[in-house]
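To be precise, the following lines are input10.csv, and they hold CSV, C-alpha atoms.
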```csv
chain,number,residue,atom,x,y,z
A,1,MET,CA,4.1,-31.1,124.7
A,2,ASP,CA,5.8,-29.0,122.0
A,3,ARG,CA,4.1,-26.3,120.0
A,4,ARG,CA,3.4,-28.5,116.9
A,5,SER,CA,1.9,-31.2,119.1
A,6,LEU,CA,-0.2,-28.7,120.9
A,7,ILE,CA,-1.7,-27.4,117.6
A,8,LYS,CA,-2.3,-30.9,116.4
A,9,HIS,CA,-4.1,-32.1,119.4
A,10,ALA,CA,-5.9,-28.9,120.5
A,11,GLY,CA,-6.5,-27.3,117.2
A,12,VAL,CA,-6.1,-23.6,116.4
A,13,ALA,CA,-9.3,-22.6,118.3
A,14,GLY,CA,-8.0,-24.5,121.4
A,15,VAL,CA,-4.6,-22.8,121.2
A,16,LEU,CA,-6.2,-19.4,121.0
A,17,SER,CA,-8.7,-20.0,123.8
A,18,ALA,CA,-5.9,-21.3,126.0
A,19,GLY,CA,-4.0,-18.0,125.5
A,20,VAL,CA,-1.1,-19.7,123.8
A,21,ALA,CA,0.7,-17.8,121.0
A,22,PRO,CA,2.7,-20.4,119.1
A,23,ALA,CA,5.5,-18.2,117.8
A,24,VAL,CA,7.1,-19.3,114.5
A,25,HIS,CA,10.7,-18.6,115.7
A,26,ALA,CA,12.4,-20.6,113.0
A,27,GLN,CA,11.0,-18.5,110.2
A,28,ALA,CA,11.8,-15.1,109.0
A,29,ALA,CA,9.3,-12.4,109.9
A,30,VAL,CA,6.5,-11.8,107.4
A,31,ARG,CA,5.0,-8.3,106.8
A,32,TRP,CA,1.9,-8.0,104.6
A,33,ARG,CA,-0.4,-5.1,103.8
A,34,MET,CA,-4.1,-5.5,103.4
A,35,ALA,CA,-6.2,-2.9,101.6
A,36,SER,CA,-9.9,-2.9,102.5
A,37,SER,CA,-12.7,-1.5,100.3
A,38,PHE,CA,-14.5,-0.2,103.4
A,39,PRO,CA,-14.1,2.7,105.9
A,40,LYS,CA,-12.9,2.4,109.5
A,41,THR,CA,-16.3,3.7,110.6
A,42,LEU,CA,-17.9,0.3,109.9
A,43,PRO,CA,-16.8,-2.0,112.7
A,44,THR,CA,-18.7,-4.9,111.2
A,45,ILE,CA,-17.2,-5.2,107.7
A,46,TYR,CA,-13.9,-3.4,108.3
A,47,GLY,CA,-13.7,-5.2,111.6
A,48,SER,CA,-13.2,-8.5,110.0
A,49,ALA,CA,-10.0,-7.2,108.4
A,50,GLU,CA,-8.8,-6.1,111.8
A,51,LYS,CA,-9.8,-9.4,113.4
A,52,PHE,CA,-7.8,-11.3,110.7
A,53,ALA,CA,-4.7,-9.2,111.3
A,54,GLU,CA,-5.0,-9.6,115.1
A,55,THR,CA,-5.4,-13.4,114.8
A,56,VAL,CA,-2.4,-13.8,112.4
A,57,LYS,CA,-0.2,-11.9,114.9
A,58,ALA,CA,-1.5,-13.9,117.9
A,59,ILE,CA,-1.0,-17.3,116.3
A,60,SER,CA,2.4,-16.4,114.9
A,61,GLY,CA,3.7,-14.8,118.1
A,62,GLY,CA,4.3,-11.6,116.2
A,63,LYS,CA,6.4,-13.2,113.5
A,64,PHE,CA,3.7,-12.6,110.9
A,65,GLU,CA,2.0,-9.2,110.8
A,66,VAL,CA,-0.6,-7.7,108.5
A,67,SER,CA,-1.2,-4.0,108.4
A,68,VAL,CA,-4.8,-3.0,107.6
A,69,HIS,CA,-5.6,0.0,105.5
A,70,ALA,CA,-9.0,1.5,105.0
A,71,ALA,CA,-10.4,2.4,101.6
A,72,GLY,CA,-8.4,5.1,100.0
A,73,GLU,CA,-5.3,4.8,102.2
A,74,LEU,CA,-3.3,2.6,100.0
A,75,VAL,CA,-5.5,2.2,96.9
A,76,PRO,CA,-9.1,3.4,96.1
A,77,ALA,CA,-12.0,1.2,97.4
A,78,PHE,CA,-12.5,-0.2,93.9
A,79,GLY,CA,-8.8,-0.4,93.0
A,80,VAL,CA,-7.9,-3.5,95.1
A,81,VAL,CA,-8.1,-6.1,92.4
A,82,ASP,CA,-5.8,-4.1,90.1
A,83,ALA,CA,-3.3,-3.7,93.0
A,84,LEU,CA,-3.3,-7.4,93.6
A,85,GLN,CA,-2.9,-8.2,90.0
A,86,ASP,CA,0.0,-5.8,89.8
A,87,ASN,CA,1.7,-7.2,93.0
A,88,THR,CA,1.3,-3.9,94.7
A,89,ILE,CA,-0.3,-5.3,97.9
A,90,GLU,CA,-0.4,-8.8,99.5
A,91,MET,CA,-4.1,-9.0,100.2
A,92,ALA,CA,-7.4,-7.1,100.2
A,93,GLN,CA,-10.8,-7.3,101.9
A,94,THR,CA,-13.6,-6.5,99.6
A,95,ALA,CA,-17.0,-7.4,98.0
A,96,PRO,CA,-16.2,-9.3,94.8
A,97,TYR,CA,-19.3,-8.0,93.0
A,98,TYR,CA,-17.7,-4.5,93.0
A,99,PHE,CA,-15.6,-5.8,90.1
A,100,THR,CA,-18.3,-7.1,87.7
A,101,GLY,CA,-17.2,-4.4,85.3
A,102,LYS,CA,-14.2,-6.6,84.7
A,103,ASP,CA,-16.2,-9.8,84.5
A,104,ALA,CA,-19.7,-10.6,85.6
A,105,ILE,CA,-18.4,-13.8,87.2
A,106,PHE,CA,-17.0,-11.8,90.2
A,107,ALA,CA,-20.6,-11.5,91.4
A,108,PHE,CA,-20.8,-15.2,92.4
A,109,GLY,CA,-18.1,-14.5,95.0
A,110,CYS,CA,-20.4,-12.2,96.8
A,111,ALA,CA,-24.1,-12.2,96.0
A,112,VAL,CA,-26.4,-12.5,93.0
A,113,PRO,CA,-30.1,-11.7,92.8
A,114,PHE,CA,-32.3,-14.4,94.4
A,115,GLY,CA,-29.1,-16.2,95.3
A,116,LEU,CA,-27.8,-18.1,98.3
A,117,THR,CA,-28.4,-17.3,102.0
A,118,ALA,CA,-25.4,-16.9,104.3
A,119,ARG,CA,-25.5,-20.6,105.4
A,120,HIS,CA,-26.1,-21.8,101.9
A,121,MET,CA,-23.2,-19.7,100.5
A,122,ASP,CA,-20.9,-21.0,103.2
A,123,ALA,CA,-21.8,-24.6,102.3
A,124,TRP,CA,-21.4,-24.1,98.5
A,125,MET,CA,-18.1,-22.3,98.9
A,126,GLU,CA,-16.5,-24.7,101.4
A,127,HIS,CA,-18.1,-28.1,100.7
A,128,GLY,CA,-19.6,-27.6,97.3
A,129,ASN,CA,-17.8,-26.4,94.2
A,130,GLY,CA,-18.0,-22.7,94.8
A,131,ARG,CA,-14.5,-22.0,96.1
A,132,LYS,CA,-12.9,-24.3,93.6
A,133,LEU,CA,-14.7,-22.8,90.6
A,134,LEU,CA,-14.1,-19.2,91.8
A,135,ASP,CA,-10.5,-19.6,92.6
A,136,ALA,CA,-10.0,-21.1,89.1
A,137,PHE,CA,-11.5,-17.9,87.8
A,138,TYR,CA,-9.6,-15.6,90.2
A,139,ALA,CA,-6.3,-17.1,89.1
A,140,LYS,CA,-6.5,-14.8,86.0
A,141,TYR,CA,-6.2,-11.9,88.4
A,142,ASN,CA,-3.3,-13.4,90.5
A,143,ILE,CA,-5.8,-14.0,93.4
A,144,VAL,CA,-6.7,-16.8,95.8
A,145,SER,CA,-9.7,-16.3,98.0
A,146,MET,CA,-11.1,-16.9,101.5
A,147,SER,CA,-14.3,-15.8,103.2
A,148,ALA,CA,-14.1,-12.6,105.2
A,149,GLY,CA,-17.7,-13.1,106.6
A,150,ASN,CA,-21.2,-12.8,105.5
A,151,THR,CA,-23.8,-10.0,106.1
A,152,GLY,CA,-26.8,-12.4,106.0
A,153,THR,CA,-29.8,-11.3,104.1
A,154,GLN,CA,-29.7,-7.6,103.5
A,155,MET,CA,-32.3,-4.9,103.6
A,156,GLY,CA,-33.8,-3.5,100.4
A,157,GLY,CA,-32.5,0.0,100.9
A,158,TRP,CA,-33.4,3.6,101.7
A,159,TYR,CA,-35.8,5.7,99.5
A,160,ARG,CA,-36.7,9.3,99.6
A,161,LYS,CA,-40.2,8.4,98.3
A,162,GLU,CA,-42.5,5.5,98.8
A,163,ILE,CA,-42.2,2.6,96.4
A,164,LYS,CA,-45.6,1.0,95.9
A,165,THR,CA,-45.3,-0.4,92.4
A,166,VAL,CA,-42.7,-1.2,89.8
A,167,ALA,CA,-43.7,2.0,88.1
A,168,ASP,CA,-42.3,3.9,91.1
A,169,LEU,CA,-38.8,2.6,90.2
A,170,LYS,CA,-38.7,4.2,86.8
A,171,GLY,CA,-36.0,6.9,86.6
A,172,LEU,CA,-35.0,6.4,90.2
A,173,LYS,CA,-31.3,7.2,90.7
A,174,MET,CA,-30.1,4.5,93.2
A,175,ARG,CA,-26.7,3.6,94.6
A,176,LEU,CA,-26.3,-0.1,94.1
A,177,GLY,CA,-23.1,-1.7,95.4
A,178,GLY,CA,-22.2,-3.5,92.3
A,179,GLY,CA,-23.0,-6.8,90.6
A,180,LEU,CA,-25.7,-8.2,88.5
A,181,PHE,CA,-28.5,-6.7,90.5
A,182,GLY,CA,-27.7,-3.3,89.0
A,183,GLU,CA,-28.5,-4.8,85.6
A,184,ALA,CA,-31.7,-6.3,86.9
A,185,MET,CA,-32.8,-3.0,88.5
A,186,ALA,CA,-32.0,-1.3,85.2
A,187,LYS,CA,-34.5,-3.5,83.5
A,188,LEU,CA,-37.1,-2.1,86.0
A,189,GLY,CA,-36.2,1.4,85.1
A,190,VAL,CA,-33.7,2.2,87.9
A,191,VAL,CA,-30.6,4.3,87.0
A,192,ALA,CA,-28.0,2.4,88.9
A,193,GLN,CA,-25.0,4.2,90.5
A,194,ASN,CA,-22.0,2.6,92.0
A,195,MET,CA,-20.1,4.5,94.6
A,196,PRO,CA,-18.2,3.9,97.9
A,197,ALA,CA,-20.3,3.9,101.1
A,198,GLY,CA,-18.7,7.0,102.4
A,199,GLU,CA,-19.9,9.1,99.5
A,200,VAL,CA,-23.6,8.1,99.6
A,201,TYR,CA,-25.0,10.3,102.4
A,202,GLN,CA,-24.0,13.5,100.7
A,203,ALA,CA,-25.4,12.4,97.4
A,204,LEU,CA,-28.7,11.6,99.0
A,205,GLU,CA,-28.7,14.9,100.9
A,206,LYS,CA,-28.1,16.9,97.7
A,207,GLY,CA,-30.7,14.9,95.7
A,208,THR,CA,-28.2,13.5,93.2
A,209,LEU,CA,-29.4,10.1,94.5
A,210,ASP,CA,-33.0,9.2,95.2
A,211,ALA,CA,-32.2,5.9,97.0
A,212,THR,CA,-29.4,3.7,98.2
A,213,GLU,CA,-28.9,0.2,99.5
A,214,PHE,CA,-26.0,-0.8,101.6
A,215,VAL,CA,-26.2,-3.7,104.1
A,216,GLY,CA,-28.6,-3.6,107.1
A,217,PRO,CA,-29.6,-1.6,110.2
A,218,PHE,CA,-26.3,-1.6,112.1
A,219,ASP,CA,-24.2,-0.3,109.2
A,220,ASP,CA,-27.0,1.9,107.8
A,221,GLU,CA,-27.6,3.6,111.1
A,222,LYS,CA,-23.9,4.5,111.3
A,223,LEU,CA,-24.0,5.9,107.8
A,224,GLY,CA,-27.0,8.1,108.7
A,225,PHE,CA,-29.2,7.3,105.8
A,226,SER,CA,-32.4,7.6,107.8
A,227,ARG,CA,-31.9,11.3,108.1
A,228,VAL,CA,-32.1,11.9,104.3
A,229,ALA,CA,-34.3,8.9,103.1
A,230,PRO,CA,-37.1,8.0,105.4
A,231,TYR,CA,-38.5,4.8,103.7
A,232,TYR,CA,-36.6,1.6,104.5
A,233,TYR,CA,-37.6,-1.4,102.5
A,234,TYR,CA,-37.0,-5.2,102.8
A,235,PRO,CA,-35.8,-7.7,101.8
A,236,GLY,CA,-32.8,-7.1,99.6
A,237,TRP,CA,-33.7,-9.8,97.1
A,238,TRP,CA,-30.4,-9.1,95.3
A,239,GLU,CA,-28.4,-10.1,98.4
A,240,GLY,CA,-29.8,-13.1,100.2
A,241,GLY,CA,-26.4,-13.6,101.9
A,242,ALA,CA,-23.6,-11.3,100.8
A,243,GLU,CA,-20.2,-12.8,101.1
A,244,LEU,CA,-17.2,-10.6,101.8
A,245,GLU,CA,-13.9,-12.0,100.7
A,246,PHE,CA,-10.2,-11.8,101.5
A,247,PHE,CA,-8.4,-11.7,98.2
A,248,ILE,CA,-4.8,-12.8,98.5
A,249,ASN,CA,-2.0,-12.1,96.0
A,250,LYS,CA,-1.2,-15.6,94.7
A,251,LYS,CA,2.5,-15.0,94.5
A,252,ALA,CA,2.6,-13.8,98.1
A,253,PHE,CA,0.6,-16.7,99.3
A,254,ASP,CA,2.6,-19.3,97.4
A,255,ALA,CA,5.8,-17.8,99.0
A,256,LEU,CA,4.6,-18.6,102.5
A,257,SER,CA,5.7,-21.6,104.5
A,258,ALA,CA,3.2,-24.4,105.0
A,259,GLU,CA,2.8,-23.2,108.6
A,260,ASN,CA,2.1,-19.6,107.6
A,261,LYS,CA,-0.4,-20.7,105.0
A,262,ALA,CA,-2.2,-22.6,107.8
A,263,ILE,CA,-2.1,-19.4,110.0
A,264,VAL,CA,-3.7,-17.4,107.1
A,265,HIS,CA,-6.5,-20.0,106.7
A,266,ALA,CA,-7.1,-20.2,110.5
A,267,ALA,CA,-7.2,-16.4,110.9
A,268,GLY,CA,-9.6,-16.1,107.9
A,269,ALA,CA,-12.0,-18.6,109.5
A,270,VAL,CA,-11.9,-16.7,112.8
A,271,ALA,CA,-12.6,-13.3,111.1
A,272,ALA,CA,-15.4,-14.7,108.9
A,273,ARG,CA,-17.3,-16.2,111.8
A,274,ASP,CA,-16.8,-13.0,113.9
A,275,MET,CA,-18.3,-10.8,111.1
A,276,THR,CA,-21.4,-12.8,110.6
A,277,ALA,CA,-22.0,-13.2,114.3
A,278,LYS,CA,-21.5,-9.5,114.8
A,279,TYR,CA,-24.2,-8.6,112.2
A,280,ASP,CA,-26.7,-11.0,113.8
A,281,ALA,CA,-26.0,-9.5,117.2
A,282,GLN,CA,-26.1,-5.8,116.3
A,283,ASN,CA,-28.8,-5.6,113.7
A,284,PRO,CA,-31.9,-6.1,115.9
A,285,GLY,CA,-31.0,-3.2,118.3
A,286,ALA,CA,-30.2,-0.9,115.4
A,287,LEU,CA,-33.5,-1.7,113.7
A,288,LYS,CA,-35.4,-0.8,116.9
A,289,ARG,CA,-33.6,2.5,117.2
A,290,LEU,CA,-34.2,3.4,113.5
A,291,VAL,CA,-37.9,2.7,113.8
A,292,ALA,CA,-38.2,4.6,117.1
A,293,GLY,CA,-36.5,7.5,115.4
A,294,GLY,CA,-39.1,7.7,112.6
A,295,THR,CA,-37.9,5.3,109.9
A,296,LYS,CA,-40.8,4.0,107.9
A,297,LEU,CA,-40.2,0.3,107.6
A,298,LYS,CA,-42.0,-1.4,104.6
A,299,PRO,CA,-41.9,-4.7,102.7
A,300,PHE,CA,-41.5,-4.8,99.0
A,301,SER,CA,-44.7,-5.9,97.4
A,302,LYS,CA,-45.1,-9.3,95.8
A,303,GLU,CA,-45.6,-7.6,92.5
A,304,LEU,CA,-42.2,-5.9,92.8
A,305,MET,CA,-40.5,-9.1,94.0
A,306,ASP,CA,-41.9,-11.0,91.0
A,307,ALA,CA,-40.7,-8.3,88.6
A,308,GLY,CA,-37.3,-8.4,90.2
A,309,PHE,CA,-37.1,-12.1,89.8
A,310,LYS,CA,-38.2,-12.0,86.2
A,311,ALA,CA,-35.6,-9.3,85.4
A,312,SER,CA,-32.9,-11.2,87.2
A,313,MET,CA,-33.5,-14.4,85.3
A,314,GLN,CA,-33.2,-12.4,82.0
A,315,VAL,CA,-29.9,-11.0,83.2
A,316,PHE,CA,-28.6,-14.5,84.0
A,317,ALA,CA,-29.7,-15.8,80.6
A,318,GLU,CA,-28.0,-12.9,78.8
A,319,HIS,CA,-24.6,-13.6,80.6
A,320,GLU,CA,-24.9,-17.3,80.1
A,321,ALA,CA,-25.3,-16.8,76.3
A,322,LYS,CA,-22.0,-14.8,76.3
A,323,SER,CA,-19.9,-16.8,78.7
A,324,PRO,CA,-19.6,-20.6,79.0
A,325,GLU,CA,-17.7,-20.1,82.3
A,326,PHE,CA,-20.4,-17.9,83.7
A,327,LYS,CA,-23.0,-20.5,82.7
A,328,LYS,CA,-21.0,-23.3,84.3
A,329,ILE,CA,-20.7,-21.5,87.6
A,330,HIS,CA,-24.3,-20.3,87.6
A,331,GLU,CA,-25.7,-23.7,86.9
A,332,ASP,CA,-23.6,-25.3,89.7
A,333,MET,CA,-24.7,-22.7,92.2
A,334,ARG,CA,-28.4,-23.1,91.3
A,335,ALA,CA,-28.2,-26.9,91.5
A,336,PHE,CA,-26.7,-26.6,94.9
A,337,GLN,CA,-29.3,-24.0,95.9
A,338,ARG,CA,-32.2,-26.3,94.9
A,339,ASP,CA,-30.9,-29.0,97.3
A,340,GLN,CA,-30.4,-26.4,100.1
A,341,ILE,CA,-34.0,-25.1,99.6
A,342,LEU,CA,-35.3,-28.7,99.8
A,343,TRP,CA,-33.5,-29.3,103.1
A,344,SER,CA,-34.3,-25.8,104.5
A,345,LYS,CA,-38.0,-26.4,104.0
A,346,PHE,CA,-37.9,-29.2,106.6
A,347,SER,CA,-35.5,-27.5,109.0
A,348,GLU,CA,-34.7,-23.8,109.3
A,349,TRP,CA,-37.6,-22.3,107.5
A,350,ARG,CA,-40.3,-24.5,109.2
A,351,TYR,CA,-38.8,-23.8,112.6
A,352,ASP,CA,-38.4,-20.1,111.9
A,353,SER,CA,-42.0,-19.7,110.7
A,354,TYR,CA,-43.2,-21.2,113.9
A,355,ILE,CA,-40.9,-19.5,116.4
A,356,ALA,CA,-41.5,-16.1,114.7
A,357,ASN,CA,-45.1,-16.3,115.9
A,358,ALA,CA,-44.6,-18.0,119.3
A,359,LYS,CA,-44.3,-16.0,122.5
A,360,VAL,CA,-40.7,-16.6,123.5
```
Can you dump the structure from the file as structure tokens?
Amino acid sequence: MDRRSLIKHAGVAGVLSAGVAPAVHAQAAVRWRMASSFPKTLPTIYGSAEKFAETVKAISGGKFEVSVHAAGELVPAFGVVDALQDNTIEMAQTAPYYFTGKDAIFAFGCAVPFGLTARHMDAWMEHGNGRKLLDAFYAKYNIVSMSAGNTGTQMGGWYRKEIKTVADLKGLKMRLGGGLFGEAMAKLGVVAQNMPAGEVYQALEKGTLDATEFVGPFDDEKLGFSRVAPYYYYPGWWEGGAELEFFINKKAFDALSAENKAIVHAAGAVAARDMTAKYDAQNPGALKRLVAGGTKLKPFSKELMDAGFKASMQVFAEHEAKSPEFKKIHEDMRAFQRDQILWSKFSEWRYDSYIANAKV
């Protein structure tokens, strides 16, 4: 059986599991550069960029290679979209909501307050209208997109003081990764700051920040936030399922052969699944270690959650009034979300609520 027949009958996953590297001998070698918005010290997020590159090389038999560069090596963490637009790099791995300063629509590619969970986001992107709508928007920036993985529902962040009521948020200087939740938190009195993850610890230590959110226990433990902010709140209502994305330079992608385009898509799927699974596997142990080390784990009150929801809906309404494209994407996402909530009530959530209290 030749290589093409093998791929057709076994599929990419079967080829990889069989240890077969279907080299693309007839094609010229391809060399791409990927700029990540994350540091090498985070094997979960940054790890999906490495997994992508490893998979591309394996499937192509070394004929297609992607060099991966951490934040700041090629371009700054928040400079990847400009680099793609200017044809400086072939691809990036990032959180789209970092770029809401350019356009609020970027947030839908990652997470919005009270938005989709990881599974719901995957469904909307790949089998709803999400990917189609967002790629139409990204075309303005010379970008096509693929999932790089999802963190799942995030934590609500680290605080140097206890947060009991909405009033406790007023004047709080907090690192928020980007997106519409910064605007929602501002309505609650928070002074939102956007900075790369690698700069946050020092800012908390010096007191120039009062609080930060990042992802969840595994990443947060590595970043050391528990040493400078003892209160750890949940859930991160602004990130019900934060999607990381591979942004690909459209000209570079269009120049690929059909076979190399398929390799890119296959490698993206492998990397995305690996990231999400890694978070689910690593977060429980990290949470146990943090609590054992003195972290004060606390839920946000219903009062605070309700206030966050109200503020978020105001933010959405304001953007819808200014942008028909924003309104179209938001309405599509919410319609999809309502159906997902309906189904989840009878499946995942009912099961989860039972098994959480059962003695397994």
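For region 77-90 of chain A, the set of protein, DNA and RNA residues having any atom at most 7 Å away, when counting only C-alpha atoms and skipping those fewer than 3 positions along the same chain, is Trp32, Arg33, Met34, Ala35, Ser36, Ser37, Phe38, Ala71, Gly72, Tyr98, Tyr141, Asn142, Pro196, Ile248, Asn249 and Ala252 of chain A.
CA of Tyr232 (chain A) is found 15.9 Å from CA of Glu205 (chain A).
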How close does each residue of region 85-111 of chain A get to region 300-322 of chain A, giving the shortest atom pair and distance in Å to one decimal for every residue with an atom at most 12 Å away, counting all atoms listed in the file, sorted by chain and residue number, as JSON lines?
```
{"residue": "A:Thr100", "atom": "CA", "partner": "A:His319", "partner_atom": "CA", "distance": 11.5}
{"residue": "A:Asp103", "atom": "CA", "partner": "A:His319", "partner_atom": "CA", "distance": 10.0}
{"residue": "A:Ala104", "atom": "CA", "partner": "A:His319", "partner_atom": "CA", "distance": 7.6}
{"residue": "A:Ile105", "atom": "CA", "partner": "A:His319", "partner_atom": "CA", "distance": 9.1}
{"residue": "A:Ala107", "atom": "CA", "partner": "A:Phe316", "partner_atom": "CA", "distance": 11.3}
{"residue": "A:Phe108", "atom": "CA", "partner": "A:Phe316", "partner_atom": "CA", "distance": 11.5}
```
Rank A:Pro324, A:Pro230, A:Gly115, A:Gly109 by their smallest atom-to-atom distance to Gly130 (chain A), using all atoms listed in the file, and report the top residue only. A:Gly109
Minimum-distance residue to Asp168 (chain A), chosen among A:Glu348, A:Asp210, A:Glu331, A:Glu199 (using only C-alpha atoms): A:Asp210
One number please: CA of Phe137 (chain A) to CA of Phe336 (chain A), in Å, one decimal. 18.9 Å
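In this model, the gap between CA of Leu134 (chain A) and CA of Phe106 (chain A) comes to 8.1 Å.
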